[in-house]
Amino acid sequence: MLTDASGQPLGQNIDEKLFRLLVATVKDHAIFLIDQNGHILSWNQGAEYIIGYKEKEIVGQHISVFYTPEDIQENVPRFNLNAALRNEMHESEGRRVRKDGSVFWANVVFTTLYNDDGHLIGFAKVTRDITGRKNAEDEKAAINAELEKRVKANTAKIIANELRFRKLIENSYDGITLLDKKLNIFYRSISSERINGWSNSESSKHKVIDLIHPDDQAAVKEMFTEVLANPNTPILLTFRTLHKTGNYTWVECLFTNMLYDEAVNAIVCNFRDVTERKRAEEEIALNHIQLKEASETQANILNALPPNIALLNEAGKIIAVNESWKKLALHNNLGMPNYGVGYRYLTIAKKATGAEYLDLGKIEAGINDVMRGDKKEFTMEYVAHSLTEKRWFQLVVAPLANNTYNGSVILHIDITDCKLAEVSLIQSETNLRSVFENTGLAIVLFDNSLKIVSFNQNAQEFAQKNYRKKLKIGNSAFKYFPKKKKLIIDQINKCVIDQEIVTYETWFDLTDGTKEWYDIRWVGVTNKKKEHAGIIMTLENITEKKSAEMERDKMTADLTQRNKDLEQFTYIVSHNLRAPVANILGLSDILLESENVGKEIQDALKALSLSANSLDRVILDLNHILQVSSQVNAKIERVSLSSLVEEISAGISHMIHKDKVQLTYDFSEIDELLILKSYLYSVLQNLVINSIKYQQADMAPCIQISSKLNGDKIVIYVKDNGKGIDLPRYGAQLFGLYKRFDYSVEGKGMGLFMVKMQVESLGGTINVQSALNTGTEFRLEFPIQDSN
């Protein structure tokens with residue numbers, strides 16, 4: 001083995017010299033050795049540059065000379081050495097003292113050093129001045145990049161030649177990776193695994209580009225091309241790389257092509273995890289966007305507000321206005337640029353149309369009071385007159401707080417519509433009070449608790465007359481009603497709260513022994529939110545109406561009784577006359593068959609027989625009418641109109657075929673109704689037969705039957721194209737008994753009389769529209785009956 005003059009191995013001395021040479025040339029790091037107790041053994045140029053001591057001044061001294069008195073008192077130097085012993089390496093940041101007494105921020109790394117036998121021989125200490133980073137965070141990246149560039153330039157030699165220096169590099173905060181010219185990684189520092197989670201063996205299984213986020217791969221490839229083309233030129237790039245956990249992290253990488261440096265022969269990559277910084281930057285960018293959007297939203301809201309708005313600074317100058325203000329400025333032709341922004345508000349106000357109506361002194365005092373905080377708000381109303389109209393405005397001054405200044409906001413609100421509405425409301429209230437007092441009703445208004453809110457003079461007179469008490473606002477309704485009616489009033493109140501209208505009739509006994517009748521009505525009052533707000537009670541004197549009703553009921557009862565008596569008399573007459581008439585007819589027939597009767601007597605007997613037959617038909621008609629009256633209360637049933645018309649058509653089929661009748665119907669809107677079937681059958685049959693009988697000579701009968709719903713009524717139409725009726729001439733007698741107006745066909749004048757009688761017996765009405773030679777339409781209207 002070759003040795004030098006001191007007997008040491010030649011290779012070891014060469015490595016030691018190279019290491020010392022590398023350390024000595026580093027100026028931005030204080031790199032030196034200390035013994036087990038913290039005394040300085042070596043000193044480099046960087047240490048002298050950073051701390052100020054020359055080598056001969058500091059070697060042998062304790063490291064506590066670099067610490068502040070507070071750190072020395074807390075025994076921080078010994079704590080750092082003990083931490084390095086426990087962990088083989090200890091990194092910390094703190095304030096350190098230079099030779100000239102000035103204090104700077106330092107990043108310090110202690111690394112334990114052992115000899116070949118494993119005995120502790122001291123510590124390697126690397127100190128960086130990070131004062132700039134602490135004082136200006138925005139310069140951190142640039143300073144660190146420059147420091148990292150210098151560190152990396154010497155790191156490759158230290159890694160290749162010195163184990164102790166390798167440990168120092170391996171435990172640095174940043175990750176270091178060496179790549180060959182084919183971009184294959186052949187070295188990774190321990191801190192690399194801490195940053196991206198991949199161990200050396202795991203990382204070797206992946207190509208560098210495969211671990212790059214797909215969106216960043218193009219930029220990384222372009223960067224590698226630039227690195228290979230520019231030796232010794234540091235190139236910085238931030239991109240996303242795949243972490244072992246499966247997430248992408250942001251790394252800031254500084255690549256330096258040192259392939260042409262024989263001592264390094266690699267592309268040096270110094271990188272650090274900047275995920276949190278990127279997130280912070282993205283959050284700041286997002287906040288900026290949100291603030292911008294919020295500012296735009298606020299501006300849009302301000303411009304959307306109808307009042308004329310101006311923002312003032314502390315000096316009373318306008319700093320911003322909304323769109324309404326701009327329109328006002330153009331309308332008033334202020335003649336100032338930028339709608340008056342930059343000018344004092346009072347200067348603008350003096351030039352505005354209608355300024356003569358403004359109390360500018362009062363406004364200025366109000367603005368000052370708000371700005372000083374003496375008042376939270378200042379408001380005033382004023383009227384502005386122009387050649388065409390008169391308008392009301394409300395001026396409002398409110399404080400405007402800002403991060404940099406205090407000011408105020410001024411609003412000119414057009415309240416013309418409100419003022420006009422107030423005038424209209426006052427007039428409406430006057431009109432309502434006039435109606436309230438001049439109506440024939442007694443009116444009392446109660447609140448939710450049935451206390452009197454208002455009443456008119458009629459109500460006061462009613463209370464004094466019937467309760468012997470005066471109405472008074474605030475009194476309870478129960479003070480006037482008898483106690484026995486309290487439950488009834490409570491029930492009425494509940495019904496009204498449920499939005500029901502309660503009406504009833506009652507009477508009051510007068511002192512003269514007579515009764516006075518009233519129609520009482522309770523109605524709920526709701527507010528704009530549709531909430532129950534009170535009750536209106538109205539009382540209408542219906543004594544005359546009630547007396548008339550009772551008189552009418554008495555007359556109706558009398559008429560009903562007389563009608564019953566008349567029906568009974570008619571029944572007796574019709575039945576008692578049948579037998580004598582039958583005898584007369586029989587005797588006349590016998591006498592007519594006798595051969596001994598002369599011609600004159602036969603003629604007399606024939607006349608007698610004819611008269612008796614006529615009398616018999618009249619008696620039969622009376623019986624028929626009485627039968628109709630007696631059947632009115634017969635059981636009703638559900639009747640299908642279409643089926644009923646089919647039955648009628650089948651019953652008179654011989655007439656339909658003979659006269660070529662076209663009978664159609666349309667019951668699509670309503671086909672069924674509850675009614676007395678026999679009556680409706682008779683009514684429709686009579687009308688159809690009449691349409692056939694009174695057809696036009698040169699036209700086949702066309703009959704149309706249809707139904708419609710009209711509210712709670714069912715309307716049936718029977719229309720034909722027959723001869724028609726001269727209504728102006730015969731309309732008044734159309735439905736009379738034995739009334740005939742066309743003698744071209746046989747008839748007795750009973751049909752329409754029976755139709756009207758049956759329709760009215762069913763609770764319906766019948767009307768007719770007709771004209772000669774155009775046809776006739778009968779309109780039958782019946783109430784819809786409940787099946788229950």
# chains A, B, ... in the order shown; residues from 1 in each chain; ligands from 1
call {"tool": "residues_around", "arguments": {"residues": "Gln785 (chain A)", "least_positions_apart": "3", "cutoff": "12 Å", "atoms": "only C-alpha atoms", "output": "PyMOL selection string"}}
result
chain A and resi 636-638+672-676+712-714+762-764+782+788
call {"tool": "write_last_selection", "arguments": {"atoms": "N, CA, C and O atoms", "output": "PDB file, in the first residue's frame"}}
result
ATOM      1  N   ILE A 636    -138.425   9.249  -8.175  1.00  0.00           N
ATOM      2  CA  ILE A 636    -137.558   9.598  -9.299  1.00  0.00           C
ATOM      3  C   ILE A 636    -136.510   8.508  -9.477  1.00  0.00           C
ATOM      4  O   ILE A 636    -136.243   7.717  -8.576  1.00  0.00           O
ATOM      5  N   GLU A 637    -135.885   8.489 -10.658  1.00  0.00           N
ATOM      6  CA  GLU A 637    -134.872   7.470 -10.954  1.00  0.00           C
ATOM      7  C   GLU A 637    -133.861   8.055 -11.926  1.00  0.00           C
ATOM      8  O   GLU A 637    -134.075   9.112 -12.517  1.00  0.00           O
ATOM      9  N   ARG A 638    -132.718   7.333 -12.072  1.00  0.00           N
ATOM     10  CA  ARG A 638    -131.684   7.778 -13.004  1.00  0.00           C
ATOM     11  C   ARG A 638    -132.113   7.374 -14.412  1.00  0.00           C
ATOM     12  O   ARG A 638    -132.341   6.198 -14.688  1.00  0.00           O
ATOM     13  N   GLU A 672    -127.234  11.377 -18.491  1.00  0.00           N
ATOM     14  CA  GLU A 672    -128.069  10.839 -17.424  1.00  0.00           C
ATOM     15  C   GLU A 672    -128.491  11.946 -16.462  1.00  0.00           C
ATOM     16  O   GLU A 672    -127.734  12.898 -16.212  1.00  0.00           O
ATOM     17  N   LEU A 673    -129.706  11.796 -15.907  1.00  0.00           N
ATOM     18  CA  LEU A 673    -130.176  12.705 -14.889  1.00  0.00           C
ATOM     19  C   LEU A 673    -131.205  11.986 -14.024  1.00  0.00           C
ATOM     20  O   LEU A 673    -131.798  10.984 -14.445  1.00  0.00           O
ATOM     21  N   LEU A 674    -131.356  12.497 -12.798  1.00  0.00           N
ATOM     22  CA  LEU A 674    -132.353  11.946 -11.879  1.00  0.00           C
ATOM     23  C   LEU A 674    -133.672  12.680 -12.095  1.00  0.00           C
ATOM     24  O   LEU A 674    -133.745  13.907 -11.932  1.00  0.00           O
ATOM     25  N   ILE A 675    -134.713  11.937 -12.451  1.00  0.00           N
ATOM     26  CA  ILE A 675    -135.976  12.579 -12.797  1.00  0.00           C
ATOM     27  C   ILE A 675    -137.084  11.534 -12.791  1.00  0.00           C
ATOM     28  O   ILE A 675    -136.826  10.319 -12.763  1.00  0.00           O
ATOM     29  N   LEU A 676    -138.343  11.998 -12.840  1.00  0.00           N
ATOM     30  CA  LEU A 676    -139.495  11.098 -12.970  1.00  0.00           C
ATOM     31  C   LEU A 676    -139.581  10.695 -14.449  1.00  0.00           C
ATOM     32  O   LEU A 676    -139.916  11.502 -15.314  1.00  0.00           O
ATOM     33  N   ASP A 712    -125.782  24.636 -12.382  1.00  0.00           N
ATOM     34  CA  ASP A 712    -126.436  23.546 -11.663  1.00  0.00           C
ATOM     35  C   ASP A 712    -127.746  23.146 -12.345  1.00  0.00           C
ATOM     36  O   ASP A 712    -128.633  22.589 -11.719  1.00  0.00           O
ATOM     37  N   LYS A 713    -127.828  23.430 -13.649  1.00  0.00           N
ATOM     38  CA  LYS A 713    -129.028  23.092 -14.420  1.00  0.00           C
ATOM     39  C   LYS A 713    -128.657  22.174 -15.583  1.00  0.00           C
ATOM     40  O   LYS A 713    -127.539  22.211 -16.113  1.00  0.00           O
ATOM     41  N   ILE A 714    -129.640  21.362 -16.000  1.00  0.00           N
ATOM     42  CA  ILE A 714    -129.528  20.549 -17.204  1.00  0.00           C
ATOM     43  C   ILE A 714    -130.519  21.102 -18.213  1.00  0.00           C
ATOM     44  O   ILE A 714    -131.707  21.264 -17.909  1.00  0.00           O
ATOM     45  N   LEU A 762    -141.929  18.934 -12.462  1.00  0.00           N
ATOM     46  CA  LEU A 762    -140.577  18.402 -12.219  1.00  0.00           C
ATOM     47  C   LEU A 762    -139.627  19.486 -11.713  1.00  0.00           C
ATOM     48  O   LEU A 762    -138.435  19.236 -11.561  1.00  0.00           O
ATOM     49  N   GLY A 763    -140.140  20.697 -11.470  1.00  0.00           N
ATOM     50  CA  GLY A 763    -139.302  21.791 -10.981  1.00  0.00           C
ATOM     51  C   GLY A 763    -138.559  22.507 -12.083  1.00  0.00           C
ATOM     52  O   GLY A 763    -137.617  23.255 -11.829  1.00  0.00           O
ATOM     53  N   GLY A 764    -138.993  22.290 -13.360  1.00  0.00           N
ATOM     54  CA  GLY A 764    -138.287  22.879 -14.488  1.00  0.00           C
ATOM     55  C   GLY A 764    -139.058  24.010 -15.125  1.00  0.00           C
ATOM     56  O   GLY A 764    -140.118  24.432 -14.652  1.00  0.00           O
ATOM     57  N   PHE A 782    -133.975  21.796 -16.258  1.00  0.00           N
ATOM     58  CA  PHE A 782    -134.289  21.073 -15.028  1.00  0.00           C
ATOM     59  C   PHE A 782    -133.138  21.232 -14.037  1.00  0.00           C
ATOM     60  O   PHE A 782    -131.959  21.262 -14.448  1.00  0.00           O
ATOM     61  N   ASN A 788    -128.679  11.570  -3.269  1.00  0.00           N
ATOM     62  CA  ASN A 788    -128.957  11.279  -1.863  1.00  0.00           C
ATOM     63  C   ASN A 788    -130.288  11.889  -1.431  1.00  0.00           C
ATOM     64  O   ASN A 788    -130.695  11.695  -0.309  1.00  0.00           O
TER      65      ASN A 788
END
call {"tool": "closest_residue", "arguments": {"among": "A:Phe462, A:Tyr187, A:Phe239, A:Tyr248", "to": "Val268 (chain A)", "atoms": "only C-alpha atoms"}}
result
A:Tyr187
call {"tool": "closest_residue", "arguments": {"among": "A:Glu646, A:Asp671, A:Asp659, A:Glu314", "to": "Asp698 (chain A)", "atoms": "only C-alpha atoms"}}
result
A:Asp659
call {"tool": "residues_around", "arguments": {"residues": "Thr112 (chain A)", "least_positions_apart": "3", "cutoff": "10 Å", "atoms": "only C-alpha atoms", "output": "list in words"}}
result
Leu33, Ile34, Asp35, Gln36, Leu81, Ala84, Leu85, Arg86, Asn87, Glu88, Met89, His90, Leu120, Ile121, Gly122, Phe123, Ala124, Lys125, Arg164, Lys167 and Leu168 of chain A
call {"tool": "write_last_selection", "arguments": {"atoms": "C-alpha atoms", "output": "mmCIF file, in the first residue's frame"}}
result
data_model
loop_
_atom_site.group_PDB
_atom_site.id
_atom_site.type_symbol
_atom_site.label_atom_id
_atom_site.label_comp_id
_atom_site.auth_asym_id
_atom_site.auth_seq_id
_atom_site.Cartn_x
_atom_site.Cartn_y
_atom_site.Cartn_z
ATOM 1 C CA LEU A 33 -16.549 20.441 12.340
ATOM 2 C CA ILE A 34 -16.962 20.520 16.076
ATOM 3 C CA ASP A 35 -15.853 18.043 18.721
ATOM 4 C CA GLN A 36 -18.065 16.063 21.057
ATOM 5 C CA LEU A 81 -26.016 18.421 20.169
ATOM 6 C CA ALA A 84 -28.140 15.101 16.912
ATOM 7 C CA LEU A 85 -26.731 12.278 19.067
ATOM 8 C CA ARG A 86 -30.171 10.729 19.410
ATOM 9 C CA ASN A 87 -31.116 10.990 15.755
ATOM 10 C CA GLU A 88 -27.694 11.106 14.020
ATOM 11 C CA MET A 89 -28.841 14.381 12.507
ATOM 12 C CA HIS A 90 -30.729 17.427 13.831
ATOM 13 C CA LEU A 120 -18.127 9.493 18.183
ATOM 14 C CA ILE A 121 -15.447 11.910 17.004
ATOM 15 C CA GLY A 122 -17.627 15.039 16.682
ATOM 16 C CA PHE A 123 -20.227 16.739 14.556
ATOM 17 C CA ALA A 124 -20.461 18.316 11.136
ATOM 18 C CA LYS A 125 -22.381 21.585 11.240
ATOM 19 C CA ARG A 164 -19.569 12.119 6.116
ATOM 20 C CA LYS A 167 -24.755 11.841 5.191
ATOM 21 C CA LEU A 168 -25.074 15.583 5.343
#
